[in-house]
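Undergrad: Contents of model_38.cif (mmCIF, C-alpha atoms and all ligand atoms):
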data_protein
loop_
_atom_site.label_atom_id
_atom_site.label_comp_id
_atom_site.auth_asym_id
_atom_site.auth_seq_id
_atom_site.Cartn_x
_atom_site.Cartn_y
_atom_site.Cartn_z
CA MET V 1 27.18 -97.40 33.59
CA LEU V 2 28.99 -96.27 30.43
CA THR V 3 28.21 -96.90 26.78
CA THR V 4 30.80 -98.45 24.44
CA ASN V 5 32.11 -95.00 23.54
CA GLY V 6 32.73 -94.26 27.22
CA GLN V 7 29.84 -91.82 27.73
CA SER V 8 26.88 -91.99 30.08
CA PRO V 9 23.64 -93.06 28.36
CA ASP V 10 20.93 -90.47 27.96
CA PRO V 11 18.39 -91.39 30.73
CA GLY V 12 15.62 -89.60 28.87
CA ALA V 13 16.17 -91.66 25.72
CA ALA V 14 16.27 -94.89 27.71
CA LEU V 15 12.84 -94.18 29.21
CA GLN V 16 11.21 -92.92 26.05
CA GLY V 17 7.94 -94.73 25.35
CA GLN V 18 7.96 -96.42 28.76
CA VAL V 19 7.34 -93.57 31.19
CA PHE V 20 5.11 -90.53 31.10
CA THR V 21 4.53 -87.79 33.58
CA THR V 22 1.26 -86.23 34.66
CA ARG V 23 -0.34 -84.64 37.69
CA PHE V 24 -2.06 -86.82 40.27
CA ASP V 25 -5.35 -84.91 40.06
CA LYS V 26 -5.41 -85.38 36.27
CA LEU V 27 -4.81 -89.10 36.72
CA LEU V 28 -7.58 -89.29 39.32
CA GLY V 29 -10.02 -87.44 37.04
CA TRP V 30 -9.16 -89.80 34.19
CA ALA V 31 -9.75 -92.85 36.41
CA ARG V 32 -13.00 -91.50 37.80
CA LYS V 33 -14.54 -90.64 34.46
CA TYR V 34 -13.95 -94.15 33.09
CA SER V 35 -15.14 -96.10 36.13
CA LEU V 36 -18.68 -94.87 36.63
CA PHE V 37 -21.13 -96.95 38.60
CA GLN V 38 -24.69 -96.00 37.80
CA TYR V 39 -27.77 -95.94 39.96
CA PRO V 40 -30.69 -96.08 37.50
CA PHE V 41 -33.71 -94.42 39.13
CA VAL V 42 -36.14 -95.47 36.42
CA THR V 43 -39.78 -94.55 36.78
CA ALA V 44 -41.42 -94.32 33.35
CA CYS V 45 -41.21 -94.69 29.57
CA CYS V 46 -37.73 -93.12 29.23
CA GLY V 47 -36.54 -96.39 30.78
CA MET V 48 -36.93 -98.13 27.41
CA GLU V 49 -34.44 -95.70 25.88
CA PHE V 50 -32.10 -96.16 28.82
CA MET V 51 -32.15 -99.93 28.26
CA SER V 52 -31.57 -99.61 24.53
CA THR V 53 -28.50 -97.45 25.23
CA ALA V 54 -27.11 -100.27 27.34
CA CYS V 55 -27.76 -102.93 24.66
CA SER V 56 -25.28 -104.01 22.00
CA HIS V 57 -26.38 -101.47 19.35
CA TYR V 58 -25.05 -98.59 21.43
CA ASP V 59 -23.10 -100.43 24.15
CA ILE V 60 -22.57 -97.96 26.95
CA ASP V 61 -19.85 -100.32 28.21
CA ARG V 62 -17.49 -98.74 25.66
CA PHE V 63 -17.54 -95.57 27.73
CA GLY V 64 -16.63 -97.13 31.06
CA ALA V 65 -20.13 -96.81 32.46
CA ALA V 66 -21.57 -100.27 32.22
CA PHE V 67 -22.44 -101.53 35.63
CA PRO V 68 -25.69 -100.53 37.31
CA ARG V 69 -25.69 -100.70 41.08
CA PHE V 70 -28.95 -100.72 42.96
CA SER V 71 -27.38 -99.54 46.16
CA PRO V 72 -26.66 -95.80 46.42
CA ARG V 73 -23.60 -96.60 48.54
CA GLN V 74 -21.93 -98.29 45.55
CA SER V 75 -22.89 -95.70 42.93
CA ASP V 76 -21.46 -92.42 41.79
CA VAL V 77 -23.86 -91.45 38.98
CA LEU V 78 -27.57 -91.12 39.62
CA TRP V 79 -29.56 -91.41 36.41
CA VAL V 80 -33.07 -90.09 37.00
CA VAL V 81 -34.98 -91.62 34.12
CA GLY V 82 -38.62 -90.63 33.70
CA THR V 83 -41.39 -88.85 35.52
CA VAL V 84 -40.98 -88.15 39.24
CA SER V 85 -44.18 -87.61 41.16
CA GLN V 86 -44.40 -85.44 44.27
CA LYS V 87 -45.00 -88.63 46.24
CA LEU V 88 -41.77 -90.20 44.92
CA ALA V 89 -39.64 -87.08 45.36
CA PRO V 90 -38.61 -87.73 49.00
CA LEU V 91 -37.37 -91.20 48.04
CA LEU V 92 -35.24 -89.74 45.24
CA LYS V 93 -33.77 -87.26 47.71
CA THR V 94 -32.94 -90.09 50.14
CA VAL V 95 -31.18 -92.09 47.42
CA TYR V 96 -29.12 -89.02 46.47
CA ASP V 97 -28.22 -88.28 50.08
CA GLN V 98 -27.02 -91.86 50.64
CA MET V 99 -24.56 -91.79 47.72
CA ALA V 100 -20.92 -91.22 48.60
CA ASP V 101 -18.96 -88.23 47.27
CA PRO V 102 -18.00 -87.44 44.60
CA LYS V 103 -21.41 -88.02 43.03
CA TYR V 104 -23.12 -86.81 39.90
CA VAL V 105 -26.70 -86.56 38.65
CA ILE V 106 -28.09 -86.87 35.14
CA ALA V 107 -31.66 -85.76 34.38
CA PHE V 108 -32.70 -88.14 31.61
CA GLY V 109 -35.44 -86.72 29.41
CA ALA V 110 -37.99 -83.95 29.60
CA CYS V 111 -39.89 -85.27 32.62
CA ALA V 112 -36.83 -85.47 34.88
CA SER V 113 -35.54 -82.14 33.58
CA CYS V 114 -38.70 -80.04 33.82
CA GLY V 115 -41.81 -82.18 34.33
CA GLY V 116 -42.19 -82.91 30.60
CA PRO V 117 -45.78 -82.98 29.36
CA TYR V 118 -47.14 -83.28 32.91
CA ASP V 119 -47.75 -79.71 33.97
CA ASP V 120 -49.87 -80.70 36.95
CA TYR V 121 -49.91 -80.68 40.74
CA SER V 122 -48.81 -84.30 41.16
CA THR V 123 -45.61 -84.17 39.07
CA LEU V 124 -42.30 -82.72 40.23
CA GLN V 125 -41.49 -79.96 37.74
CA GLY V 126 -37.83 -80.90 37.46
CA ILE V 127 -35.60 -82.89 39.83
CA ASP V 128 -33.33 -79.86 40.34
CA LEU V 129 -36.03 -78.61 42.70
CA ILE V 130 -34.79 -81.20 45.22
CA ILE V 131 -31.28 -82.35 44.16
CA PRO V 132 -28.46 -80.78 42.12
CA VAL V 133 -28.21 -81.82 38.46
CA ASP V 134 -24.96 -81.97 36.49
CA ILE V 135 -26.27 -82.90 33.03
CA TYR V 136 -29.70 -82.47 31.43
CA ILE V 137 -30.57 -84.69 28.47
CA ALA V 138 -33.36 -83.24 26.36
CA GLY V 139 -36.05 -85.23 24.58
CA CYS V 140 -39.27 -87.12 25.13
CA PRO V 141 -37.71 -89.62 25.13
CA PRO V 142 -34.09 -88.79 24.26
CA ARG V 143 -32.48 -90.90 21.54
CA PRO V 144 -29.59 -93.13 22.65
CA GLU V 145 -27.20 -90.85 20.74
CA ALA V 146 -28.33 -87.96 22.94
CA VAL V 147 -27.85 -90.14 26.03
CA LEU V 148 -24.30 -91.01 25.03
CA ASP V 149 -23.62 -87.35 24.29
CA GLY V 150 -24.81 -86.51 27.81
CA LEU V 151 -22.54 -89.18 29.24
CA LEU V 152 -19.53 -87.81 27.34
CA LYS V 153 -20.31 -84.32 28.63
CA LEU V 154 -20.43 -85.67 32.18
CA GLN V 155 -17.06 -87.36 31.67
CA THR V 156 -15.56 -84.09 30.48
CA LEU V 157 -17.03 -82.35 33.51
CA ILE V 158 -15.53 -84.99 35.83
CA GLN V 159 -12.11 -84.73 34.20
CA ASP V 160 -12.14 -80.94 34.49
CA SER V 161 -13.41 -80.87 38.08
CA LYS V 162 -11.24 -80.15 41.06
CA GLN V 163 -10.36 -83.63 42.33
CA GLU V 164 -10.73 -84.18 46.05
CA TRP V 165 -9.44 -87.23 47.90
CA GLY V 166 -8.74 -88.22 51.46
CA SER V 167 -10.38 -86.50 54.39
S1 LIG T 201 -39.86 -87.55 28.88
FE1 LIG T 201 -41.47 -88.47 27.61
S2 LIG T 201 -40.76 -90.57 27.26
FE2 LIG T 201 -39.60 -89.75 29.02
S3 LIG T 201 -40.76 -90.39 30.84
FE3 LIG T 201 -41.48 -88.33 30.25
S4 LIG T 201 -43.27 -88.71 28.95
FE4 LIG T 201 -42.11 -90.63 29.07
#
Mind turning the file's structure into structure tokens?
Ligand code: SF4

TA:
Amino acid sequence: MLTTNGQSPDPGAALQGQVFTTRFDKLLGWARKYSLFQYPFVTACCGMEFMSTACSHYDIDRFGAAFPRFSPRQSDVLWVVGTVSQKLAPLLKTVYDQMADPKYVIAFGACASCGGPYDDYSTLQGIDLIIPVDIYIAGCPPRPEAVLDGLLKLQTLIQDSKQEWGS
């Protein structure tokens, strides 16, 4: 095709604003970080703060992380929210093991991160003793702003991770 002055049109100019280029792994990281399905493993008072983060004042939906799933097979982010007793610990490990890869873990609050105020024989002194943790959110309980900050940090971590797909 020729333009009215007899020259070929610039293909780059024709596509400007309509096409962009990127790498597939970057695209995959972008898609993964904004389509998080949460498994809320909620055991104690931090759960109130978790719920308030999901409500309209803070609206976690804005960050692409709205939908809780109560099946580990449909979840990619495990939120451990509250105190985990030694008795409960094997169940938490089972839930983590049943999640499909890639999967991520957030320790929500002091109890999940390090046992919190319960320095005793019956409380697990941090969930990283049994499963890997990607993000720790400090506080007893953490404010919703801290929760959202933790979520944003996880999304950055996901975007920057090596993306694996296929088998
Ligand atoms: S960190 Fe504090 S608010 Fe959260 S579950 Fe433990 S005691 Fe409760």

Undergrad: Could you tell me, as number ranges by chain, which residues have any atom at most 9 Å from (-25.1, -89.2, 37.0), counting all atoms listed in the file?

TA: V: 36-40, 76-80, 103-107, 133-135, 151, 154

Undergrad: Go through V:Ile158, V:Leu91, V:Ala138, V:Leu15 and flag the residue nearest Gly115 of chain V, using all atoms listed in the file for the distances.

TA: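 Smallest distance to Gly115 of chain V is found for V:Ala138.
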
Undergrad: Any idea what the distance is between atom CA of Gln125 of chain V and atom CA of Leu157 of chain V?

TA: 24.9 Å

Undergrad: Please write out the residues within 9 Å of ligand LIG 201 (chain T) as a PyMOL selection string, counting all atoms listed in the file.

TA: chain V and resi 42-49+81-84+108-113+115-118+138-142

Undergrad: Put those residues in a file: C-alpha atoms, as a PDB file, keeping the file's coordinate frame.

TA:
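The new file part_21.pdb reads:
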ATOM      1  CA  VAL V  42     -36.140 -95.470  36.420  1.00  0.00           C
ATOM      2  CA  THR V  43     -39.780 -94.550  36.780  1.00  0.00           C
ATOM      3  CA  ALA V  44     -41.420 -94.320  33.350  1.00  0.00           C
ATOM      4  CA  CYS V  45     -41.210 -94.690  29.570  1.00  0.00           C
ATOM      5  CA  CYS V  46     -37.730 -93.120  29.230  1.00  0.00           C
ATOM      6  CA  GLY V  47     -36.540 -96.390  30.780  1.00  0.00           C
ATOM      7  CA  MET V  48     -36.930 -98.130  27.410  1.00  0.00           C
ATOM      8  CA  GLU V  49     -34.440 -95.700  25.880  1.00  0.00           C
ATOM      9  CA  VAL V  81     -34.980 -91.620  34.120  1.00  0.00           C
ATOM     10  CA  GLY V  82     -38.620 -90.630  33.700  1.00  0.00           C
ATOM     11  CA  THR V  83     -41.390 -88.850  35.520  1.00  0.00           C
ATOM     12  CA  VAL V  84     -40.980 -88.150  39.240  1.00  0.00           C
ATOM     13  CA  PHE V 108     -32.700 -88.140  31.610  1.00  0.00           C
ATOM     14  CA  GLY V 109     -35.440 -86.720  29.410  1.00  0.00           C
ATOM     15  CA  ALA V 110     -37.990 -83.950  29.600  1.00  0.00           C
ATOM     16  CA  CYS V 111     -39.890 -85.270  32.620  1.00  0.00           C
ATOM     17  CA  ALA V 112     -36.830 -85.470  34.880  1.00  0.00           C
ATOM     18  CA  SER V 113     -35.540 -82.140  33.580  1.00  0.00           C
ATOM     19  CA  GLY V 115     -41.810 -82.180  34.330  1.00  0.00           C
ATOM     20  CA  GLY V 116     -42.190 -82.910  30.600  1.00  0.00           C
ATOM     21  CA  PRO V 117     -45.780 -82.980  29.360  1.00  0.00           C
ATOM     22  CA  TYR V 118     -47.140 -83.280  32.910  1.00  0.00           C
ATOM     23  CA  ALA V 138     -33.360 -83.240  26.360  1.00  0.00           C
ATOM     24  CA  GLY V 139     -36.050 -85.230  24.580  1.00  0.00           C
ATOM     25  CA  CYS V 140     -39.270 -87.120  25.130  1.00  0.00           C
ATOM     26  CA  PRO V 141     -37.710 -89.620  25.130  1.00  0.00           C
ATOM     27  CA  PRO V 142     -34.090 -88.790  24.260  1.00  0.00           C
TER      28      PRO V 142
END

Undergrad: Find the residues around segment 144-147 of chain V up to 10 Å (all atoms listed in the file counted), leave out those fewer than 6 positions away in its own chain, and share them as a list of chain:residue names.

TA: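 Listing them by chain and then by number gives V:Glu49, V:Phe50, V:Met51, V:Ser52, V:Thr53, V:Ala54, V:His57, V:Tyr58, V:Asp59, V:Ile60, V:Ile106, V:Phe108, V:Gly109, V:Tyr136, V:Ile137, V:Ala138, V:Lys153.
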
Undergrad: Considering all atoms listed in the file, can you say which of V:Met99, V:Leu129, V:Leu92, V:Ala65 comes closest to Arg32 of chain V?

TA: V:Ala65

Undergrad: Distance atom CA of Pro90 of chain V-atom CA of Ser75 of chain V, one decimal place?

TA: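 So the two atoms, atom CA of Pro90 of chain V and atom CA of Ser75 of chain V, lie 18.6 Å apart.
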
Undergrad: Under the rule that only C-alpha atoms are counted, which of V:Asp10, V:Glu164, V:Asp61, V:Asp97 is the nearest residue to Ile130 of chain V?

TA: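 Among the listed residues, V:Asp97 lies closest to Ile130 of chain V.
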
Undergrad: Nearest to Lys26 of chain V: which of V:Phe41, V:Cys55, V:Lys162, V:Arg69 is it, counting all atoms listed in the file?

TA: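 Nearest candidate to Lys26 of chain V out of V:Phe41, V:Cys55, V:Lys162, V:Arg69: V:Lys162.
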
Undergrad: For Leu148 of chain V, which of V:Arg62, V:Phe24, V:Ala13, V:Trp30 is the closest residue, counting only C-alpha atoms?

TA: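 The shortest atom-to-atom distance to Leu148 of chain V comes from V:Arg62.
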
Undergrad: Could you state the separation of atom CA of Pro72 of chain V and atom CA of Thr94 of chain V in Å, given to one decimal place?

TA: 9.3 Å
